[in-house]
Amino acid sequence: MMASLRDFLVMGGYASFVWPAYGLGVLVLGLNGVLALRRERYLLREMAKRNLPGYRVA
Amino acid sequence: MFKTLHKYASPMHFFALARALTPWLFGISLVLFGVGLVWGLFLAPADYQQGESFRIIYVHVPSAWLSMFAYLVMAGGGALSLVWKIKLGDVIARAAAPLGASFTALALVTGALWGKPMWGTWWVWDARLTSELLLLFLYLGYLALQSAIEDRRAAARAGAVLAVVGIVNIPIIHYSVVWWSTLHQPATITKMGAPTMATSMLIPLLIMAFAFQLFFLALLLVRARCEILEFEQRAQWVKTLLGASDQSRGTR
């Protein structure tokens with residue numbers, strides 16, 4: 001079990017190329033998602049503050 | 001059909017449609033990512049020549065396809081705003097540009113990570129790699145134009161011209177491996193011939209490509225909503241929406 005997990009992680013000797021590629025993929029997808037959703041939330045909050053008198057952020 | 005298209009060219013209707021579609025697109029893409037990753041990393045056999053390093057294909061190829069698709073979306077949006085003065089076209093183009101740039105950068109870096117063990121070098125100035133790098137510069141040029149020009153209409157016009165002119169680079173990227181002798185391998189999947197890849201490797205690639213596409217569309221819709229909120233902020237429907245979303249969060 002441990003040997004097969006080690007084999008998988010080693011990727012036939014290409015681990016230092018394969019895993020950074022997957023890591024970067026996850027990073028790009030995740031960052032794009034988080035930044036887009038955070039920007040929308042920020043915009044909605046800021047615009048609500050400006051447009052609605054007496055608005056308070058909870 | 002044109003009536004429906006015309007309806008959704010209105011920012012208000014598009015915003016509502018985008019809001020409804022986004023969770024579905026995110027959800028389906030995440031499921032597909034899960035299936036594609038398990039299949040690609042655990043079930044697909046190692047390549048007889050490239051060994052396990054070929055598994056980079058499941059990140060590299062979908063991001064490379066997406067880099068071109070995002071450009072077509074950006075240029076299409078630019079053309080809509082330039083020729084037919086449809087505001088939504090500019091919104092789509094602006095939303096697609098940073099996404100396209102990030103996926104192009106991902107394709108280039110993962111390509112280098114694949115190139116080093118297979119070709120013995122991180123980079124060569126061959127036609128495929130150079131034209132893909134040019135695509136990144138086109139995206140960066142578009143983004144620089146948008147941030148350098150304050151007047152939104154002038155920025156939209158300048159960006160649209162750049163995007164539409166730059167579309168000539170897309171067939172160059174696609175056919176570069178056919179037109180020139182390149183170190184980069186020829187296309188794995190073509191319209192005419194059968195794929196040059198075993199089905200057990202091809203299916204996870206298609207699943208990952210579909211997952212990337214859906215995730216991109218979800219991100220595009222979220223970013224488009226942000227753009228719409230910014231330029232329609234004085235519109236009554238936005239004020240109504242803000243009031244409604246504010247009440248639904250119970251923050252007043």
# chains A, B, ... in the order shown; residues from 1 in each chain; ligands from 1

call {"tool": "residues_around", "arguments": {"residues": "Tyr14 in chain A", "least_positions_apart": "3", "cutoff": "9 Å", "atoms": "only C-alpha atoms", "output": "list of chain:residue names"}}
result
A:Val10, A:Met11, A:Phe17, A:Val18, A:Trp19, B:Gly51, B:Glu52, B:Ser53, B:Pro117

call {"tool": "interface_residues", "arguments": {"of": "chain A", "to": "chain B", "cutoff": "9 Å", "atoms": "only C-alpha atoms", "output": "VMD selection string"}}
result
chain A and resid 8 11 to 22 24 to 25 28 to 29 32 to 33 36 to 37 39 to 41 43 to 45 47 to 48 51 to 52 54 to 58

call {"tool": "residues_around", "arguments": {"residues": "range 134-148 of chain B", "least_positions_apart": "6", "cutoff": "10 Å", "atoms": "only C-alpha atoms", "output": "PyMOL selection string"}}
result
chain B and resi 67-68+70-71+74+93-94+96-105+108+128+154-163+165-167+169-170+173

call {"tool": "atom_distance", "arguments": {"atom1": "CA of Lys85 in chain B", "atom2": "CA of Leu66 in chain B"}}
result
26.3 Å

call {"tool": "atom_distance", "arguments": {"atom1": "CA of Gly78 in chain B", "atom2": "CA of Ile172 in chain B"}}
result
20.0 Å

call {"tool": "atom_distance", "arguments": {"atom1": "CA of Ser176 in chain B", "atom2": "CA of Val124 in chain B"}}
result
13.9 Å

call {"tool": "select_by_dssp", "arguments": {"residues": "range 131-218 of chain B", "states": "helix (DSSP H, G or I)", "output": "VMD selection string"}}
result
chain B and resid 131 to 148 152 to 166 169 to 179 199 to 218
